[in-house]
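Asker: One file is attached below, upload.txt, containing compact mmCIF, C-alpha atoms.
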# COMPACT_ATOMS: atom_id res chain seq x y z
CA MET A 169 46.50 18.60 -1.74
CA GLU A 170 43.75 20.16 -3.78
CA ALA A 171 40.21 18.90 -3.18
CA LEU A 172 39.03 16.23 -5.57
CA THR A 173 36.41 16.91 -8.16
CA LEU A 174 33.77 14.26 -7.55
CA VAL A 175 32.07 14.51 -10.87
CA GLY A 176 33.34 14.81 -14.41
CA LEU A 177 31.08 16.32 -17.01
CA GLU A 178 30.19 13.01 -18.58
CA PRO A 179 26.65 11.92 -19.49
CA TRP A 180 26.40 9.49 -16.56
CA ALA A 181 27.38 12.21 -14.09
CA VAL A 182 24.92 14.68 -15.59
CA GLY A 183 22.22 11.98 -15.56
CA ARG A 184 22.86 11.36 -11.87
CA ILE A 185 22.52 15.06 -11.03
CA LEU A 186 19.26 15.38 -12.98
CA CYS A 187 17.87 12.19 -11.45
CA LEU A 188 18.88 13.30 -7.95
CA ALA A 189 17.19 16.67 -8.52
CA GLY A 190 14.09 14.80 -9.71
CA PHE A 191 14.14 12.68 -6.55
CA TYR A 192 14.57 15.77 -4.36
CA ALA A 193 11.66 17.52 -6.07
CA SER A 194 9.24 14.60 -5.96
CA ALA A 195 10.13 13.42 -2.44
CA LEU A 196 9.94 16.93 -0.97
CA LEU A 197 6.68 17.64 -2.80
CA ALA A 198 5.22 14.42 -1.38
CA VAL A 199 6.43 15.11 2.17
CA GLY A 200 5.51 18.79 2.02
CA GLY A 201 2.09 17.92 0.61
CA VAL A 202 1.33 15.82 3.69
CA MET A 203 2.52 18.62 5.98
CA PHE A 204 0.41 21.15 4.08
CA ARG A 205 -2.63 18.83 4.20
CA PHE A 206 -2.50 18.68 7.99
CA ALA A 207 -1.57 22.36 8.46
CA PHE A 208 -4.48 23.53 6.29
CA PRO A 209 -7.48 21.45 7.41
CA ALA A 210 -9.93 24.07 6.08
CA LEU A 211 -8.92 23.60 2.43
CA PRO A 212 -11.91 23.14 0.07
CA ILE A 213 -12.74 19.43 -0.28
CA GLY A 214 -12.01 19.39 -4.00
CA GLU A 215 -8.61 20.93 -3.38
CA THR A 216 -7.86 18.39 -0.64
CA VAL A 217 -8.57 15.54 -3.06
CA VAL A 218 -6.28 17.08 -5.70
CA LEU A 219 -3.58 17.59 -3.05
CA GLU A 220 -3.77 13.96 -1.86
CA ARG A 221 -3.59 12.66 -5.42
CA GLY A 222 -0.61 14.94 -6.02
CA VAL A 223 1.14 13.55 -2.95
CA LEU A 224 0.67 9.96 -4.13
CA MET A 225 1.82 10.84 -7.64
CA ALA A 226 4.91 12.64 -6.31
CA ALA A 227 5.68 9.66 -4.05
CA GLY A 228 5.43 7.32 -7.06
CA VAL A 229 7.75 9.50 -9.14
CA GLY A 230 10.15 9.72 -6.18
CA ILE A 231 10.31 5.90 -5.96
CA GLY A 232 10.95 5.70 -9.71
CA MET A 233 13.73 8.29 -9.44
CA LEU A 234 15.34 6.38 -6.57
CA LEU A 235 15.44 3.15 -8.56
CA LEU A 236 16.77 4.94 -11.65
CA LEU A 237 19.40 6.64 -9.52
CA TRP A 238 20.52 3.21 -8.27
CA LEU A 239 21.20 2.11 -11.86
CA LEU A 240 22.89 5.41 -12.76
CA GLN A 241 25.18 5.19 -9.73
CA ALA A 242 26.23 1.65 -10.64
CA GLY A 243 26.77 2.71 -14.26
CA TYR A 244 28.89 5.67 -13.24
CA LEU A 245 30.92 3.70 -10.69
CA GLY A 246 31.68 1.03 -13.26
CA GLY A 247 33.20 3.56 -15.65
CA GLY A 248 30.08 4.85 -17.38
CA SER A 249 28.47 2.00 -19.31
CA LEU A 250 25.10 0.31 -19.64
CA THR A 251 26.70 -3.03 -18.76
CA ALA A 252 27.97 -1.56 -15.48
CA ALA A 253 24.50 -0.14 -14.69
CA PHE A 254 23.09 -3.68 -14.57
CA ASP A 255 26.16 -5.34 -13.03
CA PRO A 256 24.94 -7.23 -9.91
CA VAL A 257 28.24 -6.63 -8.08
CA LEU A 258 28.12 -2.86 -8.61
CA LEU A 259 24.40 -2.71 -7.81
CA GLY A 260 25.18 -4.64 -4.63
CA ILE A 261 27.96 -2.23 -3.69
CA VAL A 262 25.64 0.76 -4.14
CA GLY A 263 22.90 -1.07 -2.23
CA GLU A 264 25.20 -1.78 0.72
CA SER A 265 26.48 1.81 0.84
CA ALA A 266 24.98 4.88 2.48
CA GLN A 267 23.10 5.42 -0.78
CA GLY A 268 21.42 2.05 -0.31
CA GLU A 269 20.38 3.10 3.17
CA ARG A 270 18.87 6.28 1.73
CA LEU A 271 17.05 4.22 -0.87
CA ARG A 272 15.51 1.89 1.72
CA LEU A 273 14.51 4.66 4.14
CA ALA A 274 13.02 6.85 1.41
CA LEU A 275 11.25 3.90 -0.19
CA ALA A 276 9.63 2.92 3.11
CA GLY A 277 8.63 6.53 3.82
CA LEU A 278 7.22 7.22 0.37
CA LEU A 279 5.16 4.00 0.44
CA LEU A 280 3.90 4.84 3.94
CA LEU A 281 2.69 8.25 2.75
CA ALA A 282 -0.31 6.46 1.27
CA ALA A 283 -1.55 6.19 4.89
CA MET A 284 -2.52 9.84 4.60
CA ARG A 285 -5.70 8.71 2.82
CA LEU A 286 -6.95 6.51 5.67
CA LYS A 287 -10.44 7.63 6.70
CA GLY A 288 -13.01 6.94 9.37
CA ARG A 289 -11.83 5.20 12.52
CA LEU A 290 -8.34 4.88 11.06
CA ARG A 291 -7.99 8.65 10.73
CA SER A 292 -5.95 9.01 13.91
CA ALA A 293 -3.64 6.27 12.69
CA SER A 294 -3.28 8.17 9.43
CA HIS A 295 -1.81 11.15 11.27
CA ALA A 296 0.71 9.00 13.15
CA LEU A 297 1.71 6.94 10.10
CA SER A 298 2.01 10.05 7.92
CA GLY A 299 4.25 11.61 10.56
CA VAL A 300 6.47 8.52 10.58
CA ALA A 301 6.55 8.58 6.76
CA VAL A 302 7.64 12.23 6.71
CA VAL A 303 10.41 11.54 9.24
CA LEU A 304 11.65 8.49 7.29
CA VAL A 305 11.90 10.40 4.00
CA LEU A 306 13.63 13.41 5.58
CA LEU A 307 15.97 11.13 7.53
CA ALA A 308 16.90 9.43 4.26
CA PHE A 309 18.32 12.73 2.99
CA ALA A 310 20.52 13.10 6.06
CA ARG A 311 21.98 9.58 5.80
CA VAL A 312 23.98 10.37 2.65
CA GLY A 313 26.70 12.93 2.26
CA HIS A 314 28.31 15.40 4.55
CA THR A 315 25.69 15.13 7.30
CA ARG A 316 26.12 11.36 7.73
CA GLY A 317 27.82 10.61 11.01
CA ASP A 318 26.94 13.96 12.60
CA ALA A 319 23.58 13.91 14.35
CA GLY A 320 23.53 17.67 14.95
CA GLN A 321 24.10 18.59 11.30
CA GLY A 322 21.70 15.84 10.26
CA PHE A 323 19.03 17.42 12.45
CA LEU A 324 19.73 20.81 10.86
CA LEU A 325 19.35 19.32 7.39
CA ILE A 326 16.07 17.63 8.32
CA ALA A 327 14.66 20.91 9.69
CA HIS A 328 15.91 22.77 6.60
CA LEU A 329 14.35 20.26 4.22
CA ALA A 330 11.08 20.11 6.15
CA MET A 331 10.65 23.87 5.75
CA ALA A 332 11.66 23.75 2.07
CA ALA A 333 9.22 20.89 1.47
CA PHE A 334 6.35 22.72 3.16
CA TRP A 335 6.99 25.89 1.14
CA MET A 336 7.35 23.97 -2.12
CA ALA A 337 4.22 21.88 -1.64
CA ALA A 338 2.14 24.91 -0.64
CA LEU A 339 2.66 26.66 -3.98
CA PRO A 340 0.53 24.46 -6.32
CA PRO A 341 -2.61 24.48 -4.10
CA LEU A 342 -2.30 28.22 -3.47
CA TYR A 343 -1.90 28.79 -7.21
CA ARG A 344 -4.97 26.65 -7.95
CA LEU A 345 -7.02 28.54 -5.36
CA LEU A 346 -6.10 31.81 -7.05
CA ARG A 347 -7.10 30.46 -10.45
CA GLN A 348 -10.56 29.53 -9.31
CA ASP A 349 -13.13 32.27 -9.42
CA ILE A 350 -14.42 31.66 -5.90
CA PRO A 351 -16.79 34.36 -4.63
CA ASP A 352 -15.85 34.05 -0.94
CA ASP A 353 -12.48 34.92 0.55
CA SER A 354 -11.21 31.32 0.65
CA PRO A 355 -7.99 32.02 -1.30
CA LEU A 356 -7.34 35.08 0.82
CA SER A 357 -7.84 33.26 4.11
CA GLN A 358 -5.52 30.42 3.01
CA LEU A 359 -2.91 32.90 1.76
CA ARG A 360 -3.05 34.81 5.03
CA ARG A 361 -2.68 31.57 6.92
CA PHE A 362 0.33 30.65 4.77
CA SER A 363 1.80 34.12 5.34
CA ARG A 364 1.51 33.61 9.10
CA PHE A 365 3.35 30.29 8.79
CA GLY A 366 5.83 32.00 6.47
CA GLY A 367 7.69 34.04 9.10
CA GLY A 368 8.76 31.07 11.20
CA MET A 369 9.21 28.87 8.14
CA ILE A 370 11.63 31.24 6.40
CA ALA A 371 13.49 32.00 9.65
CA LEU A 372 14.07 28.29 10.27
CA LEU A 373 14.87 27.60 6.61
CA LEU A 374 17.49 30.36 6.45
CA SER A 375 19.04 29.80 9.88
CA THR A 376 19.49 26.07 9.31
CA GLY A 377 20.74 26.68 5.76
CA ILE A 378 23.31 29.23 6.92
CA ALA A 379 24.41 26.99 9.79
CA LEU A 380 24.94 24.07 7.39
CA ALA A 381 26.76 26.29 4.88
CA VAL A 382 29.13 27.62 7.55
CA TRP A 383 29.89 24.06 8.64
CA LEU A 384 30.38 22.75 5.11
CA LEU A 385 32.68 25.65 4.22
CA GLY A 386 34.78 24.89 7.29
CA GLY A 387 34.00 28.33 8.71
CA LYS A 388 36.06 30.02 5.96
CA VAL A 389 34.31 32.78 4.02
CA ALA A 390 37.06 32.64 1.37
CA ALA A 391 35.90 29.10 0.57
CA LEU A 392 32.93 30.70 -1.19
CA TRP A 393 35.17 31.66 -4.11
CA GLN A 394 38.23 29.44 -3.59
CA PHE A 395 36.43 26.11 -3.94
CA ALA A 396 34.02 24.77 -6.54
CA TYR A 397 31.65 23.89 -3.71
CA GLY A 398 31.63 27.49 -2.50
CA GLN A 399 30.98 28.84 -5.99
CA VAL A 400 28.00 26.54 -6.52
CA LEU A 401 26.79 27.47 -3.05
CA VAL A 402 26.92 31.18 -3.97
CA LEU A 403 24.65 30.38 -6.93
CA LYS A 404 22.23 28.61 -4.60
CA LEU A 405 22.31 31.50 -2.13
CA ALA A 406 21.53 33.97 -4.94
CA LEU A 407 18.53 31.86 -6.00
CA VAL A 408 17.35 31.53 -2.39
CA GLY A 409 17.71 35.31 -2.00
CA ALA A 410 15.48 35.85 -5.03
CA LEU A 411 12.97 33.32 -3.66
CA VAL A 412 12.82 34.98 -0.25
CA GLY A 413 12.43 38.34 -2.03
CA LEU A 414 9.42 37.03 -3.93
CA GLY A 415 7.97 35.59 -0.72
CA ALA A 416 8.39 38.94 1.03
CA CYS A 417 6.78 40.68 -1.93
CA ASN A 418 3.76 38.37 -1.60
CA ARG A 419 3.59 38.74 2.16
CA TRP A 420 3.78 42.52 2.40
CA TRP A 421 2.51 43.71 -0.98
CA LEU A 422 0.47 41.27 -3.08
CA VAL A 423 -1.61 39.49 -0.39
CA PRO A 424 -2.59 42.81 1.29
CA GLY A 425 -3.41 44.11 -2.21
CA LEU A 426 -5.69 41.13 -2.77
CA ALA A 427 -7.34 41.83 0.60
CA ARG A 428 -8.01 45.41 -0.47
CA GLY A 429 -9.57 44.12 -3.70
CA GLU A 430 -6.97 45.75 -5.93
CA ARG A 431 -7.22 45.08 -9.64
CA HIS A 432 -4.66 42.61 -11.02
CA ALA A 433 -3.63 41.53 -7.49
CA ARG A 434 -4.84 37.98 -8.11
CA ARG A 435 -3.00 37.74 -11.45
CA ARG A 436 0.20 39.20 -9.99
CA LEU A 437 0.08 36.72 -7.11
CA ARG A 438 -0.31 33.84 -9.56
CA GLN A 439 2.68 35.11 -11.56
CA SER A 440 4.70 35.49 -8.38
CA ILE A 441 3.88 31.91 -7.34
CA VAL A 442 4.96 30.63 -10.78
CA GLY A 443 8.21 32.55 -10.27
CA GLU A 444 8.67 30.86 -6.90
CA ILE A 445 8.09 27.43 -8.47
CA VAL A 446 10.72 28.11 -11.17
CA LEU A 447 13.23 29.31 -8.55
CA MET A 448 12.51 26.24 -6.40
CA ALA A 449 13.24 23.97 -9.37
CA LEU A 450 16.54 25.75 -10.03
CA ILE A 451 17.48 25.55 -6.34
CA LEU A 452 16.87 21.79 -6.33
CA LEU A 453 19.04 21.39 -9.41
CA VAL A 454 21.85 23.33 -7.76
CA ALA A 455 21.36 21.34 -4.52
CA ALA A 456 21.79 18.10 -6.48
CA TRP A 457 24.92 19.56 -8.05
CA LEU A 458 26.24 20.42 -4.57
CA MET A 459 25.63 16.84 -3.42
CA ASN A 460 28.08 15.74 -6.10
CA THR A 461 30.72 18.30 -5.17
CA SER A 462 33.37 18.00 -2.51
CA ALA A 463 32.88 20.38 0.41
CA PRO A 464 35.98 22.16 1.78
CA MET A 465 35.04 21.45 5.41
CA GLY A 466 37.66 20.33 7.85
CA MET B 67 -10.89 31.20 10.35
CA SER B 68 -11.85 27.57 10.85
CA GLY B 69 -9.23 25.06 11.86
CA GLU B 70 -6.73 27.72 12.95
CA PRO B 71 -5.48 27.90 16.54
CA LYS B 72 -6.53 31.19 18.12
CA GLY B 73 -3.53 33.45 18.48
CA GLY B 74 -1.21 30.42 18.77
CA TRP B 75 1.02 31.26 15.86
CA ARG B 76 1.37 34.89 16.87
CA GLN B 77 2.64 33.75 20.28
CA ARG B 78 4.89 31.11 18.78
CA LEU B 79 6.40 33.63 16.37
CA ALA B 80 6.96 36.31 19.02
CA PRO B 81 10.47 37.81 18.64
CA ARG B 82 11.71 36.33 21.92
CA VAL B 83 10.50 32.83 21.01
CA VAL B 84 11.98 33.02 17.51
CA ALA B 85 15.27 34.33 18.93
CA THR B 86 15.42 31.46 21.43
CA ARG B 87 14.82 28.90 18.69
CA LEU B 88 17.44 30.47 16.45
CA ALA B 89 19.90 30.46 19.34
CA MET B 90 19.26 26.73 19.84
CA VAL B 91 19.95 26.11 16.16
CA TRP B 92 23.13 28.14 16.25
CA LEU B 93 24.35 26.29 19.34
CA LEU B 94 24.43 23.17 17.22
CA LEU B 95 27.15 24.88 15.19
CA ALA B 96 29.50 24.17 18.05
CA SER B 97 29.76 20.55 16.97
CA PRO B 98 33.22 19.75 15.62
CA LEU B 99 33.94 19.55 11.92
CA LEU B 100 33.92 15.94 10.82
CA LEU B 101 34.21 13.68 7.83
CA ALA B 102 35.72 15.72 5.05
CA HIS B 103 35.93 13.92 1.72
CA SER B 104 38.81 11.62 0.92
CA HIS B 105 41.83 13.13 -0.72
CA VAL B 106 44.60 11.36 -2.58
CA VAL B 107 47.77 11.45 -0.47
CA ALA B 108 50.03 9.34 -2.70
CA THR B 109 50.13 7.48 -5.99
CA GLN B 110 52.47 4.82 -7.30
CA PRO B 111 54.06 5.75 -9.66
CA ALA B 112 53.80 9.46 -8.82
CA ASP B 113 51.52 11.54 -11.02
CA GLY B 114 53.49 12.62 -14.10
CA GLU B 115 56.55 10.51 -13.25
CA VAL B 116 58.76 9.31 -16.09
CA LEU B 117 60.16 5.82 -15.39
CA GLN B 118 63.16 4.03 -16.85
CA GLN B 119 61.51 0.64 -16.37
CA ALA B 120 57.98 -0.65 -16.00
CA PRO B 121 56.53 -0.60 -12.46
CA SER B 122 55.67 -3.92 -10.87
CA SER B 123 52.47 -2.50 -9.41
CA ILE B 124 50.25 0.56 -9.48
CA ALA B 125 48.58 2.02 -6.40
CA PHE B 126 46.97 5.06 -4.88
CA GLU B 127 46.34 6.01 -1.27
CA LEU B 128 43.60 8.18 0.23
CA ASP B 129 43.28 9.80 3.62
CA ALA B 130 39.96 8.01 4.23
CA PRO B 131 38.61 4.60 3.23
CA LEU B 132 36.97 4.17 -0.15
CA ARG B 133 35.16 1.16 -1.59
CA LEU B 134 36.72 0.69 -4.98
CA THR B 135 34.45 0.05 -7.98
CA ARG B 136 36.86 0.66 -10.86
CA PHE B 137 40.64 0.53 -11.15
CA ALA B 138 41.82 0.65 -14.74
CA LEU B 139 45.24 1.01 -16.33
CA SER B 140 45.37 2.05 -19.97
CA GLY B 141 48.42 2.52 -22.16
CA PRO B 142 49.51 2.77 -25.77
CA GLN B 143 47.92 -0.60 -26.56
CA GLY B 144 44.66 0.01 -24.74
CA GLU B 145 43.49 -1.26 -21.36
CA VAL B 146 45.95 -3.43 -19.46
CA PRO B 147 44.43 -6.29 -17.41
CA LEU B 148 45.40 -6.60 -13.74
CA THR B 149 46.30 -9.90 -12.05
CA GLU B 150 43.47 -9.60 -9.53
CA ASN B 151 40.18 -7.74 -9.59
CA PRO B 152 40.54 -5.09 -6.86
CA VAL B 153 36.87 -4.02 -7.04
CA GLY B 154 34.86 -4.15 -3.83
CA GLY B 155 37.53 -3.55 -1.22
CA MET B 156 37.02 -0.79 1.36
CA ALA B 157 40.46 0.59 2.17
CA LYS B 158 42.64 3.66 2.15
CA ARG B 159 45.21 2.06 -0.15
CA HIS B 160 44.33 0.27 -3.37
CA GLU B 161 46.90 -1.64 -5.39
CA GLY B 162 47.02 -3.72 -8.55
CA GLU B 163 49.63 -5.58 -10.59
CA PRO B 164 49.64 -5.49 -14.38
CA ALA B 165 49.07 -8.99 -15.74
CA GLN B 166 51.46 -8.38 -18.63
CA ALA B 167 54.71 -6.55 -19.29
CA LEU B 168 54.24 -2.83 -19.90
CA PRO B 169 55.87 -1.58 -23.09
CA PRO B 170 57.28 1.96 -23.22
CA GLY B 171 54.69 4.71 -23.61
CA ASP B 172 52.24 6.93 -21.75
CA TYR B 173 49.90 5.36 -19.18
CA ARG B 174 46.80 6.50 -17.32
CA VAL B 175 45.37 5.01 -14.14
CA GLU B 176 41.70 5.72 -13.55
CA TRP B 177 39.78 4.86 -10.40
CA ARG B 178 36.26 5.27 -9.05
CA GLY B 179 34.66 4.34 -5.78
CA ILE B 180 32.13 5.10 -3.13
CA ALA B 181 33.02 6.65 0.23
CA GLU B 182 31.56 5.70 3.61
CA ASP B 183 29.19 8.66 3.47
CA GLY B 184 27.81 7.51 0.10
CA HIS B 185 29.58 10.08 -2.03
CA THR B 186 30.97 8.73 -5.26
CA MET B 187 34.53 9.71 -6.07
CA SER B 188 36.83 9.41 -9.03
CA GLY B 189 40.32 10.34 -10.02
CA ASP B 190 43.18 9.56 -12.35
CA TYR B 191 46.92 9.96 -12.69
CA ARG B 192 49.46 9.44 -15.40
CA PHE B 193 52.99 8.16 -15.81
CA SER B 194 55.32 7.33 -18.68
CA ILE B 195 57.86 4.60 -19.38
CA ARG B 196 60.83 5.67 -21.47
CA GLU B 197 62.29 3.52 -24.20
As structure tokens, how would this structure be written, given the file I've shared?
Answerer:
Amino acid sequence: MEALTLVGLEPWAVGRILCLAGFYASALLAVGGVMFRFAFPALPIGETVVLERGVLMAAGVGIGMLLLLWLLQAGYLGGGSLTAAFDPVLLGIVGESAQGERLRLALAGLLLLAAMRLKGRLRSASHALSGVAVVLVLLAFARVGHTRGDAGQGFLLIAHLAMAAFWMAALPPLYRLLRQDIPDDSPLSQLRRFSRFGGGMIALLLSTGIALAVWLLGGKVAALWQFAYGQVLVLKLALVGALVGLGACNRWWLVPGLARGERHARRRLRQSIVGEIVLMALILLVAAWLMNTSAPMG
Amino acid sequence: MSGEPKGGWRQRLAPRVVATRLAMVWLLLASPLLLAHSHVVATQPADGEVLQQAPSSIAFELDAPLRLTRFALSGPQGEVPLTENPVGGMAKRHEGEPAQALPPGDYRVEWRGIAEDGHTMSGDYRFSIRE
């Protein structure tokens, strides 16, 4: 029998996709911000403060999105009404489901991210607690959907998301560094450092993404055009291809141009980073759409 | 550059190291395919069926358990109440009995629910009762 369509194009379904994309964006920005903070200890102090505030803000938005998503799920499951969104029975059903588990794990992780700001003698604890927080949030993603019940695929998803989060969270601070008219080579040194991380990051991001896609498509290439899931996945792959292209352009053309002191290199890099941010946002939207689409696996 | 391990990343990103890590990731692909989404395997009455008399119950069956959150029957006179509220049950088969006699006309059964993996699902089917 033909695969079911999980989502109709009704306002509640669209609201869930947008809210899920908002949760993805904020949670990954928060998690990635912590990873970036510890991977770039030589960031200017002012930039570190902005980054930490951004992490806390993203974590707060992520918690808000999670709670809103809870209401939207109950509303959708009850037939698409405001009464259903606040129905204790439906809210309880969502809370007891895998989605409730994601909510609790992500909530705990996002709250624990505040530990990143511990100073002084508690600094070592801040590293450990931040690490736990990052794992909790990423684990939350793997506890809902196709990866639930398969530890191997769950691990792949966590690795995939960790790399995506790191890349995403690196863009705003790098953009800000390029906007500032700093006389030394601070932006350049941070960009070079990011470029060095970039090789392994993109390799892991793509390999885990391809592995997950092959699994979700049931190993059938034809599923890319025969199923709605495959078609949406093709859209995501096209966006990822454009994103990787921009990253490669930065790595091999714009950053070396900045190092050589070429005119307009700084402006072009800023524009390229804005392009990456826009593509990331679109990819998250498509990823949320995929989460609400039935995969042809099995 | 301060705070950067000397030569560490170059070594970690050496082609052989990267290839080994990629191979480890790909090995995980060997895990069996699991947990496809539920699919409807049967409905009662059948989708599109034209009946000579009203059915005593309506039902649908999936190939995997689903926790039902909505099960609604609507006909020419609007929504038809069921004798028991079926919401909340986790099962492959969900069934309900109309609380009143069904007059001739076109009917639609709509259902929604949440699967074990947290995915929300919905579906509907139709049948008719001839005069």
Asker: Find the spatial neighbours of Val257 of chain A, counting all atoms listed in the file, within a cut-off of 12 Å - ignore same-chain residues fewer than 2 positions away - and output them as a ChimeraX atom specification.
Answerer: /A:239,242-243,245-246,251-255,259-264 /B:134-136,153-155
Asker: Between atom CA of Arg428 of chain A and atom CA of Gly443 of chain A, what distance in Å does the model show, to one decimal?
Answerer: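 We find that atom CA of Arg428 of chain A and atom CA of Gly443 of chain A lie 22.9 Å from each other.
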Asker: Would you mind reading off the distance between atom CA of Gly162 of chain B and atom CA of Val175 of chain B, one decimal, in Å?
Answerer: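 If I compute the distance from atom CA of Gly162 of chain B to atom CA of Val175 of chain B, I get 10.5 Å.
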Asker: Tell me which residues come within 8 Å of (62.4, 10.5, -19.6), as a ChimeraX atom specification, counting all atoms listed in the file in the file's coordinates.
Answerer: /B:116-118,194-196
Asker: Could you tell me how far atom CA of Leu273 of chain A sits from atom CA of Leu304 of chain A, in Å to one decimal place?
Answerer: 5.7 Å
Asker: Save N, CA, C and O atoms of segment 175-190 of chain B from the block above as a PDB file, in the first residue's frame.
Answerer:
ATOM      1  N   VAL B 175     -14.482   8.773   7.426  1.00  0.00           N
ATOM      2  CA  VAL B 175     -13.860   8.449   8.725  1.00  0.00           C
ATOM      3  C   VAL B 175     -12.482   9.099   8.736  1.00  0.00           C
ATOM      4  O   VAL B 175     -11.684   8.899   7.813  1.00  0.00           O
ATOM      5  N   GLU B 176     -12.229   9.894   9.750  1.00  0.00           N
ATOM      6  CA  GLU B 176     -10.931  10.564   9.859  1.00  0.00           C
ATOM      7  C   GLU B 176     -10.260  10.143  11.160  1.00  0.00           C
ATOM      8  O   GLU B 176     -10.917  10.065  12.192  1.00  0.00           O
ATOM      9  N   TRP B 177      -8.973   9.853  11.081  1.00  0.00           N
ATOM     10  CA  TRP B 177      -8.253   9.473  12.294  1.00  0.00           C
ATOM     11  C   TRP B 177      -6.895  10.178  12.384  1.00  0.00           C
ATOM     12  O   TRP B 177      -6.319  10.563  11.356  1.00  0.00           O
ATOM     13  N   ARG B 178      -6.433  10.362  13.595  1.00  0.00           N
ATOM     14  CA  ARG B 178      -5.085  10.904  13.832  1.00  0.00           C
ATOM     15  C   ARG B 178      -4.494  10.178  15.028  1.00  0.00           C
ATOM     16  O   ARG B 178      -5.224   9.672  15.891  1.00  0.00           O
ATOM     17  N   GLY B 179      -3.191  10.165  15.100  1.00  0.00           N
ATOM     18  CA  GLY B 179      -2.557   9.492  16.225  1.00  0.00           C
ATOM     19  C   GLY B 179      -1.059   9.717  16.229  1.00  0.00           C
ATOM     20  O   GLY B 179      -0.512  10.380  15.337  1.00  0.00           O
ATOM     21  N   ILE B 180      -0.446   9.160  17.237  1.00  0.00           N
ATOM     22  CA  ILE B 180       0.995   9.337  17.392  1.00  0.00           C
ATOM     23  C   ILE B 180       1.651   7.958  17.484  1.00  0.00           C
ATOM     24  O   ILE B 180       1.198   7.103  18.258  1.00  0.00           O
ATOM     25  N   ALA B 181       2.676   7.751  16.668  1.00  0.00           N
ATOM     26  CA  ALA B 181       3.331   6.441  16.614  1.00  0.00           C
ATOM     27  C   ALA B 181       4.350   6.309  17.740  1.00  0.00           C
ATOM     28  O   ALA B 181       4.661   7.279  18.436  1.00  0.00           O
ATOM     29  N   GLU B 182       4.882   5.103  17.901  1.00  0.00           N
ATOM     30  CA  GLU B 182       5.837   4.855  18.994  1.00  0.00           C
ATOM     31  C   GLU B 182       7.092   5.700  18.863  1.00  0.00           C
ATOM     32  O   GLU B 182       7.731   6.048  19.852  1.00  0.00           O
ATOM     33  N   ASP B 183       7.451   6.055  17.612  1.00  0.00           N
ATOM     34  CA  ASP B 183       8.659   6.859  17.425  1.00  0.00           C
ATOM     35  C   ASP B 183       8.378   8.361  17.525  1.00  0.00           C
ATOM     36  O   ASP B 183       9.261   9.174  17.293  1.00  0.00           O
ATOM     37  N   GLY B 184       7.146   8.724  17.875  1.00  0.00           N
ATOM     38  CA  GLY B 184       6.813  10.135  18.074  1.00  0.00           C
ATOM     39  C   GLY B 184       6.268  10.828  16.836  1.00  0.00           C
ATOM     40  O   GLY B 184       5.845  11.973  16.926  1.00  0.00           O
ATOM     41  N   HIS B 185       6.263  10.144  15.714  1.00  0.00           N
ATOM     42  CA  HIS B 185       5.706  10.757  14.510  1.00  0.00           C
ATOM     43  C   HIS B 185       4.188  10.824  14.618  1.00  0.00           C
ATOM     44  O   HIS B 185       3.557   9.854  15.031  1.00  0.00           O
ATOM     45  N   THR B 186       3.636  11.949  14.214  1.00  0.00           N
ATOM     46  CA  THR B 186       2.186  12.050  14.177  1.00  0.00           C
ATOM     47  C   THR B 186       1.703  11.552  12.823  1.00  0.00           C
ATOM     48  O   THR B 186       2.382  11.744  11.814  1.00  0.00           O
ATOM     49  N   MET B 187       0.556  10.906  12.826  1.00  0.00           N
ATOM     50  CA  MET B 187       0.029  10.338  11.584  1.00  0.00           C
ATOM     51  C   MET B 187      -1.448  10.660  11.469  1.00  0.00           C
ATOM     52  O   MET B 187      -2.131  10.866  12.476  1.00  0.00           O
ATOM     53  N   SER B 188      -1.922  10.683  10.253  1.00  0.00           N
ATOM     54  CA  SER B 188      -3.342  10.927  10.032  1.00  0.00           C
ATOM     55  C   SER B 188      -3.782  10.208   8.767  1.00  0.00           C
ATOM     56  O   SER B 188      -2.948   9.824   7.940  1.00  0.00           O
ATOM     57  N   GLY B 189      -5.063  10.033   8.648  1.00  0.00           N
ATOM     58  CA  GLY B 189      -5.591   9.387   7.451  1.00  0.00           C
ATOM     59  C   GLY B 189      -7.110   9.477   7.435  1.00  0.00           C
ATOM     60  O   GLY B 189      -7.730   9.874   8.432  1.00  0.00           O
ATOM     61  N   ASP B 190      -7.698   9.139   6.331  1.00  0.00           N
ATOM     62  CA  ASP B 190      -9.148   9.085   6.256  1.00  0.00           C
ATOM     63  C   ASP B 190      -9.585   8.091   5.185  1.00  0.00           C
ATOM     64  O   ASP B 190      -8.769   7.683   4.348  1.00  0.00           O
TER      65      ASP B 190
END
